[in-house]
file data-v1.cif (mmCIF, N, CA and C atoms)
data_final
loop_
_atom_site.label_atom_id
_atom_site.label_comp_id
_atom_site.auth_asym_id
_atom_site.auth_seq_id
_atom_site.Cartn_x
_atom_site.Cartn_y
_atom_site.Cartn_z
N SER A 1 -6.46 2.06 -26.23
CA SER A 1 -5.04 2.07 -25.93
C SER A 1 -4.72 0.95 -24.96
N ARG A 2 -3.46 0.57 -24.94
CA ARG A 2 -3.02 -0.56 -24.13
C ARG A 2 -1.85 -0.14 -23.25
N ILE A 3 -1.91 -0.54 -22.00
CA ILE A 3 -0.82 -0.26 -21.06
C ILE A 3 -0.27 -1.59 -20.58
N GLU A 4 1.05 -1.71 -20.62
CA GLU A 4 1.69 -2.92 -20.11
C GLU A 4 2.67 -2.51 -19.02
N LEU A 5 2.64 -3.26 -17.93
CA LEU A 5 3.57 -3.03 -16.84
C LEU A 5 4.56 -4.17 -16.80
N GLY A 6 5.81 -3.82 -16.65
CA GLY A 6 6.84 -4.85 -16.58
C GLY A 6 7.75 -4.61 -15.39
N ASP A 7 8.82 -5.36 -15.36
CA ASP A 7 9.79 -5.22 -14.28
C ASP A 7 10.50 -3.87 -14.36
N VAL A 8 10.89 -3.36 -13.22
CA VAL A 8 11.69 -2.15 -13.16
C VAL A 8 13.14 -2.55 -13.42
N THR A 9 13.76 -1.88 -14.37
CA THR A 9 15.13 -2.18 -14.74
C THR A 9 15.94 -0.88 -14.77
N PRO A 10 17.26 -0.98 -14.86
CA PRO A 10 18.06 0.24 -15.00
C PRO A 10 17.68 1.05 -16.23
N HIS A 11 17.08 0.40 -17.23
CA HIS A 11 16.72 1.09 -18.46
C HIS A 11 15.44 1.91 -18.33
N ASN A 12 14.58 1.58 -17.37
CA ASN A 12 13.33 2.31 -17.25
C ASN A 12 13.11 2.97 -15.88
N ILE A 13 14.11 2.94 -15.02
CA ILE A 13 13.96 3.50 -13.68
C ILE A 13 13.67 5.00 -13.71
N LYS A 14 14.22 5.72 -14.70
CA LYS A 14 13.95 7.16 -14.80
C LYS A 14 12.49 7.41 -15.16
N GLN A 15 11.90 6.51 -15.94
CA GLN A 15 10.47 6.64 -16.27
C GLN A 15 9.62 6.45 -15.02
N LEU A 16 9.98 5.47 -14.20
CA LEU A 16 9.26 5.24 -12.95
C LEU A 16 9.36 6.47 -12.05
N LYS A 17 10.56 7.03 -11.96
CA LYS A 17 10.76 8.21 -11.13
C LYS A 17 9.89 9.37 -11.61
N ARG A 18 9.84 9.56 -12.91
CA ARG A 18 9.03 10.65 -13.47
C ARG A 18 7.54 10.41 -13.23
N LEU A 19 7.09 9.18 -13.41
CA LEU A 19 5.69 8.85 -13.14
C LEU A 19 5.33 9.13 -11.69
N ASN A 20 6.19 8.71 -10.78
CA ASN A 20 5.95 8.94 -9.36
C ASN A 20 5.87 10.43 -9.04
N GLN A 21 6.72 11.23 -9.68
CA GLN A 21 6.70 12.68 -9.44
C GLN A 21 5.39 13.30 -9.89
N VAL A 22 4.83 12.79 -10.97
CA VAL A 22 3.60 13.34 -11.52
C VAL A 22 2.37 12.83 -10.78
N ILE A 23 2.39 11.56 -10.38
CA ILE A 23 1.20 10.90 -9.84
C ILE A 23 1.05 11.08 -8.33
N PHE A 24 2.12 10.91 -7.59
CA PHE A 24 2.03 10.86 -6.14
C PHE A 24 2.30 12.21 -5.49
N PRO A 25 1.61 12.49 -4.38
CA PRO A 25 1.79 13.78 -3.70
C PRO A 25 3.03 13.82 -2.79
N VAL A 26 3.87 12.79 -2.87
CA VAL A 26 5.10 12.75 -2.07
C VAL A 26 6.28 12.52 -3.00
N SER A 27 7.46 12.89 -2.54
CA SER A 27 8.68 12.69 -3.33
C SER A 27 9.50 11.56 -2.72
N TYR A 28 10.07 10.74 -3.58
CA TYR A 28 10.93 9.65 -3.13
C TYR A 28 12.37 9.99 -3.46
N ASN A 29 13.27 9.69 -2.52
CA ASN A 29 14.68 10.01 -2.74
C ASN A 29 15.35 8.96 -3.64
N ASP A 30 16.59 9.23 -4.03
CA ASP A 30 17.31 8.33 -4.93
C ASP A 30 17.53 6.95 -4.33
N LYS A 31 17.66 6.86 -3.01
CA LYS A 31 17.85 5.56 -2.36
C LYS A 31 16.63 4.66 -2.59
N PHE A 32 15.44 5.24 -2.59
CA PHE A 32 14.23 4.46 -2.85
C PHE A 32 14.33 3.76 -4.20
N TYR A 33 14.74 4.50 -5.23
CA TYR A 33 14.82 3.93 -6.58
C TYR A 33 15.96 2.91 -6.68
N LYS A 34 17.03 3.14 -5.96
CA LYS A 34 18.11 2.15 -5.92
C LYS A 34 17.61 0.85 -5.30
N ASP A 35 16.84 0.97 -4.21
CA ASP A 35 16.26 -0.20 -3.55
C ASP A 35 15.29 -0.93 -4.47
N VAL A 36 14.51 -0.19 -5.24
CA VAL A 36 13.58 -0.81 -6.18
C VAL A 36 14.34 -1.67 -7.18
N LEU A 37 15.44 -1.15 -7.69
CA LEU A 37 16.24 -1.92 -8.65
C LEU A 37 16.84 -3.16 -8.00
N GLU A 38 17.31 -3.03 -6.76
CA GLU A 38 17.92 -4.17 -6.09
C GLU A 38 16.90 -5.27 -5.83
N VAL A 39 15.70 -4.91 -5.50
CA VAL A 39 14.66 -5.92 -5.24
C VAL A 39 14.16 -6.50 -6.55
N GLY A 40 14.12 -5.69 -7.60
CA GLY A 40 13.71 -6.20 -8.90
C GLY A 40 12.33 -5.80 -9.31
N GLU A 41 11.37 -5.83 -8.41
CA GLU A 41 10.00 -5.47 -8.74
C GLU A 41 9.41 -4.64 -7.61
N LEU A 42 8.66 -3.64 -7.97
CA LEU A 42 8.06 -2.75 -6.98
C LEU A 42 7.12 -3.50 -6.05
N ALA A 43 6.39 -4.47 -6.57
CA ALA A 43 5.46 -5.23 -5.73
C ALA A 43 6.20 -5.99 -4.64
N LYS A 44 7.35 -6.54 -4.96
CA LYS A 44 8.14 -7.26 -3.95
C LYS A 44 8.61 -6.30 -2.87
N LEU A 45 8.98 -5.09 -3.28
CA LEU A 45 9.42 -4.10 -2.29
C LEU A 45 8.26 -3.70 -1.39
N GLY A 46 7.09 -3.49 -1.98
CA GLY A 46 5.91 -3.13 -1.19
C GLY A 46 5.55 -4.23 -0.20
N THR A 47 5.61 -5.47 -0.65
CA THR A 47 5.31 -6.61 0.22
C THR A 47 6.32 -6.68 1.37
N LYS A 48 7.58 -6.48 1.03
CA LYS A 48 8.63 -6.54 2.04
C LYS A 48 8.45 -5.42 3.08
N MET A 49 8.14 -4.22 2.61
CA MET A 49 7.97 -3.09 3.53
C MET A 49 6.74 -3.29 4.42
N LEU A 50 5.63 -3.75 3.83
CA LEU A 50 4.42 -3.95 4.62
C LEU A 50 4.62 -5.08 5.64
N ASN A 51 5.24 -6.17 5.23
CA ASN A 51 5.52 -7.25 6.18
C ASN A 51 6.39 -6.76 7.33
N HIS A 52 7.34 -5.91 7.03
CA HIS A 52 8.21 -5.35 8.06
C HIS A 52 7.39 -4.55 9.08
N VAL A 53 6.52 -3.69 8.59
CA VAL A 53 5.67 -2.88 9.49
C VAL A 53 4.75 -3.79 10.31
N LEU A 54 4.13 -4.78 9.66
CA LEU A 54 3.23 -5.69 10.37
C LEU A 54 3.97 -6.47 11.44
N ASN A 55 5.20 -6.90 11.14
CA ASN A 55 6.00 -7.64 12.13
C ASN A 55 6.36 -6.76 13.32
N ILE A 56 6.72 -5.51 13.07
CA ILE A 56 7.04 -4.59 14.17
C ILE A 56 5.81 -4.40 15.07
N CYS A 57 4.65 -4.19 14.45
CA CYS A 57 3.43 -3.98 15.23
C CYS A 57 3.06 -5.22 16.02
N GLU A 58 3.24 -6.39 15.41
CA GLU A 58 2.93 -7.65 16.10
C GLU A 58 3.85 -7.86 17.29
N LYS A 59 5.14 -7.62 17.10
CA LYS A 59 6.11 -7.80 18.19
C LYS A 59 5.87 -6.81 19.31
N ASP A 60 5.49 -5.58 18.96
CA ASP A 60 5.24 -4.55 19.97
C ASP A 60 4.04 -4.93 20.83
N GLY A 61 2.98 -5.40 20.19
CA GLY A 61 1.81 -5.89 20.91
C GLY A 61 0.87 -4.84 21.44
N THR A 62 1.17 -3.57 21.25
CA THR A 62 0.30 -2.52 21.80
C THR A 62 -0.61 -1.89 20.75
N PHE A 63 -0.48 -2.30 19.49
CA PHE A 63 -1.30 -1.74 18.43
C PHE A 63 -2.57 -2.57 18.25
N ASP A 64 -3.71 -1.89 18.19
CA ASP A 64 -4.98 -2.58 17.94
C ASP A 64 -5.29 -2.65 16.45
N ASN A 65 -4.96 -1.58 15.72
CA ASN A 65 -5.30 -1.47 14.30
C ASN A 65 -4.22 -0.71 13.56
N ILE A 66 -4.17 -0.94 12.25
CA ILE A 66 -3.34 -0.15 11.35
C ILE A 66 -4.29 0.46 10.33
N TYR A 67 -4.10 1.75 10.05
CA TYR A 67 -4.93 2.45 9.07
C TYR A 67 -4.04 3.01 7.96
N LEU A 68 -4.61 3.08 6.76
CA LEU A 68 -3.92 3.73 5.65
C LEU A 68 -4.94 4.27 4.68
N HIS A 69 -4.49 5.19 3.83
CA HIS A 69 -5.35 5.80 2.82
C HIS A 69 -4.91 5.34 1.43
N VAL A 70 -5.89 5.07 0.56
CA VAL A 70 -5.61 4.67 -0.81
C VAL A 70 -6.57 5.44 -1.72
N GLN A 71 -6.03 6.00 -2.78
CA GLN A 71 -6.88 6.69 -3.75
C GLN A 71 -7.95 5.73 -4.26
N ILE A 72 -9.20 6.18 -4.36
CA ILE A 72 -10.32 5.29 -4.67
C ILE A 72 -10.18 4.58 -6.01
N SER A 73 -9.43 5.15 -6.93
CA SER A 73 -9.25 4.54 -8.24
C SER A 73 -8.10 3.55 -8.30
N ASN A 74 -7.33 3.41 -7.23
CA ASN A 74 -6.14 2.56 -7.23
C ASN A 74 -6.52 1.13 -6.82
N GLU A 75 -7.17 0.44 -7.75
CA GLU A 75 -7.67 -0.91 -7.47
C GLU A 75 -6.57 -1.91 -7.16
N SER A 76 -5.43 -1.77 -7.82
CA SER A 76 -4.34 -2.73 -7.55
C SER A 76 -3.82 -2.57 -6.12
N ALA A 77 -3.73 -1.33 -5.63
CA ALA A 77 -3.29 -1.12 -4.24
C ALA A 77 -4.33 -1.65 -3.26
N ILE A 78 -5.60 -1.41 -3.56
CA ILE A 78 -6.67 -1.91 -2.69
C ILE A 78 -6.61 -3.43 -2.62
N ASP A 79 -6.47 -4.09 -3.77
CA ASP A 79 -6.35 -5.55 -3.80
C ASP A 79 -5.12 -6.02 -3.03
N PHE A 80 -4.01 -5.31 -3.21
CA PHE A 80 -2.76 -5.64 -2.51
C PHE A 80 -2.99 -5.63 -1.00
N TYR A 81 -3.57 -4.56 -0.47
CA TYR A 81 -3.77 -4.45 0.97
C TYR A 81 -4.81 -5.44 1.48
N ARG A 82 -5.82 -5.74 0.67
CA ARG A 82 -6.83 -6.74 1.08
C ARG A 82 -6.19 -8.11 1.30
N LYS A 83 -5.17 -8.43 0.51
CA LYS A 83 -4.47 -9.71 0.68
C LYS A 83 -3.78 -9.80 2.03
N PHE A 84 -3.52 -8.67 2.64
CA PHE A 84 -2.89 -8.62 3.96
C PHE A 84 -3.91 -8.45 5.07
N GLY A 85 -5.20 -8.49 4.74
CA GLY A 85 -6.24 -8.42 5.76
C GLY A 85 -6.81 -7.04 6.01
N PHE A 86 -6.48 -6.07 5.18
CA PHE A 86 -7.05 -4.74 5.33
C PHE A 86 -8.45 -4.71 4.72
N GLU A 87 -9.33 -3.90 5.32
CA GLU A 87 -10.69 -3.73 4.82
C GLU A 87 -11.00 -2.24 4.69
N ILE A 88 -11.79 -1.89 3.68
CA ILE A 88 -12.23 -0.50 3.53
C ILE A 88 -13.27 -0.21 4.61
N ILE A 89 -13.02 0.84 5.39
CA ILE A 89 -13.96 1.17 6.46
C ILE A 89 -14.60 2.54 6.27
N GLU A 90 -14.05 3.35 5.36
CA GLU A 90 -14.55 4.71 5.19
C GLU A 90 -14.00 5.27 3.88
N THR A 91 -14.68 6.27 3.32
CA THR A 91 -14.17 7.01 2.17
C THR A 91 -14.15 8.49 2.54
N LYS A 92 -12.98 9.10 2.38
CA LYS A 92 -12.83 10.53 2.69
C LYS A 92 -12.88 11.33 1.40
N LYS A 93 -13.81 12.26 1.35
CA LYS A 93 -13.95 13.14 0.18
C LYS A 93 -12.84 14.18 0.18
N ASN A 94 -12.33 14.47 -1.01
CA ASN A 94 -11.31 15.50 -1.22
C ASN A 94 -10.10 15.34 -0.30
N TYR A 95 -9.67 14.11 -0.12
CA TYR A 95 -8.51 13.84 0.73
C TYR A 95 -7.22 14.35 0.08
N TYR A 96 -7.09 14.10 -1.23
CA TYR A 96 -5.91 14.54 -1.97
C TYR A 96 -6.16 15.92 -2.57
N LYS A 97 -5.15 16.75 -2.57
CA LYS A 97 -5.30 18.12 -3.06
C LYS A 97 -4.82 18.30 -4.50
N ARG A 98 -3.88 17.46 -4.95
CA ARG A 98 -3.28 17.69 -6.27
C ARG A 98 -3.48 16.54 -7.25
N ILE A 99 -4.31 15.56 -6.91
CA ILE A 99 -4.52 14.45 -7.83
C ILE A 99 -6.01 14.15 -7.95
N GLU A 100 -6.38 13.57 -9.06
CA GLU A 100 -7.78 13.19 -9.32
C GLU A 100 -7.84 11.69 -9.55
N PRO A 101 -8.84 11.00 -9.04
CA PRO A 101 -9.86 11.53 -8.16
C PRO A 101 -9.26 11.87 -6.79
N ALA A 102 -9.85 12.86 -6.14
CA ALA A 102 -9.30 13.37 -4.88
C ALA A 102 -9.74 12.57 -3.67
N ASP A 103 -10.69 11.65 -3.85
CA ASP A 103 -11.20 10.87 -2.72
C ASP A 103 -10.28 9.71 -2.38
N ALA A 104 -10.27 9.33 -1.11
CA ALA A 104 -9.44 8.22 -0.65
C ALA A 104 -10.26 7.29 0.23
N HIS A 105 -10.00 6.00 0.06
CA HIS A 105 -10.56 5.01 0.97
C HIS A 105 -9.64 4.94 2.19
N VAL A 106 -10.24 4.76 3.36
CA VAL A 106 -9.49 4.46 4.57
C VAL A 106 -9.57 2.95 4.75
N LEU A 107 -8.41 2.31 4.81
CA LEU A 107 -8.35 0.87 5.03
C LEU A 107 -7.86 0.60 6.44
N GLN A 108 -8.37 -0.46 7.02
CA GLN A 108 -8.00 -0.82 8.39
C GLN A 108 -7.66 -2.30 8.44
N LYS A 109 -6.63 -2.62 9.21
CA LYS A 109 -6.32 -4.00 9.55
C LYS A 109 -6.38 -4.12 11.06
N ASN A 110 -7.24 -5.01 11.53
CA ASN A 110 -7.38 -5.26 12.96
C ASN A 110 -6.26 -6.20 13.39
N LEU A 111 -5.48 -5.79 14.37
CA LEU A 111 -4.35 -6.59 14.84
C LEU A 111 -4.68 -7.42 16.08
N LYS A 112 -5.77 -7.11 16.73
CA LYS A 112 -6.15 -7.83 17.95
C LYS A 112 -7.16 -8.92 17.61
N VAL A 113 -6.94 -10.11 18.17
CA VAL A 113 -7.88 -11.22 18.00
C VAL A 113 -8.95 -11.08 19.07
N PRO A 114 -10.24 -11.06 18.67
CA PRO A 114 -11.30 -10.95 19.69
C PRO A 114 -11.16 -12.06 20.73
N SER A 115 -11.46 -11.73 21.98
CA SER A 115 -11.34 -12.73 23.05
C SER A 115 -12.24 -13.92 22.76
N GLY A 116 -11.75 -15.10 23.05
CA GLY A 116 -12.50 -16.32 22.79
C GLY A 116 -12.27 -16.90 21.41
N GLN A 117 -11.47 -16.23 20.58
CA GLN A 117 -11.16 -16.75 19.24
C GLN A 117 -9.65 -16.88 19.09
N SER A 118 -9.26 -17.85 18.29
CA SER A 118 -7.84 -17.96 17.95
C SER A 118 -7.61 -17.25 16.63
N ALA A 119 -6.38 -16.98 16.30
CA ALA A 119 -6.05 -16.30 15.04
C ALA A 119 -6.48 -17.15 13.84
N ASP A 120 -6.62 -18.47 14.04
CA ASP A 120 -6.98 -19.36 12.93
C ASP A 120 -8.47 -19.53 12.76
N THR A 121 -9.28 -18.99 13.67
CA THR A 121 -10.73 -19.16 13.60
C THR A 121 -11.28 -18.42 12.39
N GLN A 122 -12.08 -19.09 11.62
CA GLN A 122 -12.73 -18.50 10.45
C GLN A 122 -14.11 -18.03 10.83
N LYS A 123 -14.53 -16.88 10.33
CA LYS A 123 -15.89 -16.41 10.53
C LYS A 123 -16.80 -17.11 9.54
N THR A 124 -17.92 -17.59 10.02
CA THR A 124 -18.90 -18.23 9.13
C THR A 124 -20.27 -17.71 9.48
N ASP A 125 -21.14 -17.61 8.47
CA ASP A 125 -22.53 -17.22 8.68
C ASP A 125 -23.38 -18.44 8.77
N ASN A 126 -24.14 -18.58 9.84
CA ASN A 126 -25.02 -19.72 10.01
C ASN A 126 -26.47 -19.29 9.94
#
call {"tool": "encode", "arguments": {"input": "data-v1.cif", "output": "structure tokens"}}
result
Amino acid sequence: SRIELGDVTPHNIKQLKRLNQVIFPVSYNDKFYKDVLEVGELAKLGTKMLNHVLNICEKDGTFDNIYLHVQISNESAIDFYRKFGFEIIETKKNYYKRIEPADAHVLQKNLKVPSGQSADTQKTDN
């Protein structure tokens, strides 16, 4: 079988809403779906929301790390967060109660630059 993902449009927004209700353990309100349509693509909305959170944490300056959970089978989400500097640090068994697989990866993004390094310093193995 073949699955194709395309842009979210007014013609398929109800399908997205139904998929989210079945797949995710949280409910999204109608404003969320309106915002998805206004942005055009869910990935752009996710990027915008994550950048917003990262900017708030950076401006605040008191956060050392950000943590989040991702279902172990959600490779696209894992790849998405890795592009923002998140790393898998742990896997929690039976984290989710109503979805399979029930395990979740814990991802972490370190917000503090180790002393003696600049944000632009690259790690290299010698």
call {"tool": "closest_residue", "arguments": {"input": "data-v1.cif", "among": "A:Phe84, A:Asp79, A:Thr47, A:Gly61", "to": "Val113 of chain A", "atoms": "only C-alpha atoms"}}
result
A:Gly61
call {"tool": "atom_distance", "arguments": {"input": "data-v1.cif", "atom1": "atom N of Tyr96 of chain A", "atom2": "atom CA of Leu37 of chain A"}}
result
29.3 Å
call {"tool": "residues_around", "arguments": {"input": "data-v1.cif", "residues": "Arg82 of chain A", "least_positions_apart": "4", "cutoff": "10 Å", "atoms": "only C-alpha atoms", "output": "VMD selection string"}}
result
chain A and resid 76 to 78 86 to 88 107 to 109
call {"tool": "write_last_selection", "arguments": {"input": "data-v1.cif", "atoms": "N, CA and C atoms", "output": "CSV table (one decimal), keeping the file's coordinate frame"}}
result
chain,number,residue,atom,x,y,z
A,76,SER,N,-5.4,-1.8,-7.8
A,76,SER,CA,-4.3,-2.7,-7.6
A,76,SER,C,-3.8,-2.6,-6.1
A,77,ALA,N,-3.7,-1.3,-5.6
A,77,ALA,CA,-3.3,-1.1,-4.2
A,77,ALA,C,-4.3,-1.6,-3.3
A,78,ILE,N,-5.6,-1.4,-3.6
A,78,ILE,CA,-6.7,-1.9,-2.7
A,78,ILE,C,-6.6,-3.4,-2.6
A,86,PHE,N,-6.5,-6.1,5.2
A,86,PHE,CA,-7.0,-4.7,5.3
A,86,PHE,C,-8.4,-4.7,4.7
A,87,GLU,N,-9.3,-3.9,5.3
A,87,GLU,CA,-10.7,-3.7,4.8
A,87,GLU,C,-11.0,-2.2,4.7
A,88,ILE,N,-11.8,-1.9,3.7
A,88,ILE,CA,-12.2,-0.5,3.5
A,88,ILE,C,-13.3,-0.2,4.6
A,107,LEU,N,-8.4,2.3,4.8
A,107,LEU,CA,-8.4,0.9,5.0
A,107,LEU,C,-7.9,0.6,6.4
A,108,GLN,N,-8.4,-0.5,7.0
A,108,GLN,CA,-8.0,-0.8,8.4
A,108,GLN,C,-7.7,-2.3,8.4
A,109,LYS,N,-6.6,-2.6,9.2
A,109,LYS,CA,-6.3,-4.0,9.6
A,109,LYS,C,-6.4,-4.1,11.1
call {"tool": "residues_around", "arguments": {"input": "data-v1.cif", "residues": "His105 of chain A", "least_positions_apart": "3", "cutoff": "8 Å", "atoms": "only C-alpha atoms", "output": "number ranges by chain"}}
result
A: 69-72, 88-92
call {"tool": "write_last_selection", "arguments": {"input": "data-v1.cif", "atoms": "N, CA and C atoms", "output": "compact mmCIF listing (two decimals), in the coordinates of the input"}}
result
# COMPACT_ATOMS: atom_id res chain seq x y z
N HIS A 69 -4.49 5.19 3.83
CA HIS A 69 -5.35 5.80 2.82
C HIS A 69 -4.91 5.34 1.43
N VAL A 70 -5.89 5.07 0.56
CA VAL A 70 -5.61 4.67 -0.81
C VAL A 70 -6.57 5.44 -1.72
N GLN A 71 -6.03 6.00 -2.78
CA GLN A 71 -6.88 6.69 -3.75
C GLN A 71 -7.95 5.73 -4.26
N ILE A 72 -9.20 6.18 -4.36
CA ILE A 72 -10.32 5.29 -4.67
C ILE A 72 -10.18 4.58 -6.01
N ILE A 88 -11.79 -1.89 3.68
CA ILE A 88 -12.23 -0.50 3.53
C ILE A 88 -13.27 -0.21 4.61
N ILE A 89 -13.02 0.84 5.39
CA ILE A 89 -13.96 1.17 6.46
C ILE A 89 -14.60 2.54 6.27
N GLU A 90 -14.05 3.35 5.36
CA GLU A 90 -14.55 4.71 5.19
C GLU A 90 -14.00 5.27 3.88
N THR A 91 -14.68 6.27 3.32
CA THR A 91 -14.17 7.01 2.17
C THR A 91 -14.15 8.49 2.54
N LYS A 92 -12.98 9.10 2.38
CA LYS A 92 -12.83 10.53 2.69
C LYS A 92 -12.88 11.33 1.40
call {"tool": "closest_residue", "arguments": {"input": "data-v1.cif", "among": "A:Phe80, A:Ser27, A:Asn110, A:Leu45", "to": "Ile66 of chain A", "atoms": "all atoms listed in the file"}}
result
A:Asn110
call {"tool": "select_by_dssp", "arguments": {"input": "data-v1.cif", "residues": "segment 38-125 of chain A", "states": "strand (DSSP E or B)", "output": "PyMOL selection string"}}
result
chain A and resi 65-71+87-92+104-110
call {"tool": "atom_distance", "arguments": {"input": "data-v1.cif", "atom1": "atom N of Lys44 of chain A", "atom2": "atom N of Tyr81 of chain A"}}
result
12.0 Å
call {"tool": "atom_distance", "arguments": {"input": "data-v1.cif", "atom1": "atom C of Asn94 of chain A", "atom2": "atom C of Tyr67 of chain A"}}
result
16.0 Å
call {"tool": "closest_residue", "arguments": {"input": "data-v1.cif", "among": "A:Lys83, A:Arg98, A:Lys112, A:His52", "to": "Val22 of chain A", "atoms": "only C-alpha atoms"}}
result
A:Arg98
call {"tool": "build_atoms", "arguments": {"input": "data-v1.cif", "residues": "segment 22-29 of chain A", "atoms": "all heavy atoms", "output": "compact mmCIF listing (two decimals), in the frame of the given file"}}
result
# COMPACT_ATOMS: atom_id res chain seq x y z
N VAL A 22 4.83 12.79 -10.97
CA VAL A 22 3.60 13.34 -11.52
C VAL A 22 2.37 12.83 -10.78
O VAL A 22 1.42 13.57 -10.53
CB VAL A 22 3.49 13.01 -13.03
CG1 VAL A 22 2.13 13.38 -13.58
CG2 VAL A 22 4.60 13.70 -13.81
N ILE A 23 2.39 11.56 -10.38
CA ILE A 23 1.20 10.90 -9.84
C ILE A 23 1.05 11.08 -8.33
O ILE A 23 -0.05 11.35 -7.84
CB ILE A 23 1.21 9.41 -10.19
CG1 ILE A 23 1.11 9.23 -11.70
CG2 ILE A 23 0.09 8.67 -9.49
CD1 ILE A 23 1.36 7.82 -12.17
N PHE A 24 2.12 10.91 -7.59
CA PHE A 24 2.03 10.86 -6.14
C PHE A 24 2.30 12.21 -5.49
O PHE A 24 3.14 12.97 -5.94
CB PHE A 24 2.99 9.81 -5.56
CG PHE A 24 2.66 8.42 -6.00
CD1 PHE A 24 3.54 7.71 -6.79
CD2 PHE A 24 1.47 7.82 -5.65
CE1 PHE A 24 3.24 6.42 -7.21
CE2 PHE A 24 1.15 6.55 -6.05
CZ PHE A 24 2.05 5.84 -6.85
N PRO A 25 1.61 12.49 -4.38
CA PRO A 25 1.79 13.78 -3.70
C PRO A 25 3.03 13.82 -2.79
O PRO A 25 3.20 14.75 -2.05
CB PRO A 25 0.51 13.92 -2.87
CG PRO A 25 0.10 12.52 -2.59
CD PRO A 25 0.51 11.71 -3.81
N VAL A 26 3.87 12.79 -2.87
CA VAL A 26 5.10 12.75 -2.07
C VAL A 26 6.28 12.52 -3.00
O VAL A 26 6.12 12.03 -4.11
CB VAL A 26 5.06 11.62 -1.01
CG1 VAL A 26 3.97 11.88 0.01
CG2 VAL A 26 4.87 10.27 -1.66
N SER A 27 7.46 12.89 -2.54
CA SER A 27 8.68 12.69 -3.33
C SER A 27 9.50 11.56 -2.72
O SER A 27 9.60 11.46 -1.49
CB SER A 27 9.53 13.95 -3.33
OG SER A 27 8.84 14.99 -3.97
N TYR A 28 10.07 10.74 -3.58
CA TYR A 28 10.93 9.65 -3.13
C TYR A 28 12.37 9.99 -3.46
O TYR A 28 12.67 10.49 -4.54
CB TYR A 28 10.54 8.33 -3.82
CG TYR A 28 9.14 7.89 -3.47
CD1 TYR A 28 8.07 8.14 -4.32
CD2 TYR A 28 8.88 7.24 -2.27
CE1 TYR A 28 6.78 7.72 -3.99
CE2 TYR A 28 7.60 6.83 -1.93
CZ TYR A 28 6.56 7.08 -2.80
OH TYR A 28 5.30 6.69 -2.47
N ASN A 29 13.27 9.69 -2.52
CA ASN A 29 14.68 10.01 -2.74
C ASN A 29 15.35 8.96 -3.64
O ASN A 29 14.77 7.92 -3.96
CB ASN A 29 15.42 10.18 -1.41
CG ASN A 29 15.40 8.91 -0.57
OD1 ASN A 29 15.33 7.80 -1.08
ND2 ASN A 29 15.47 9.08 0.74
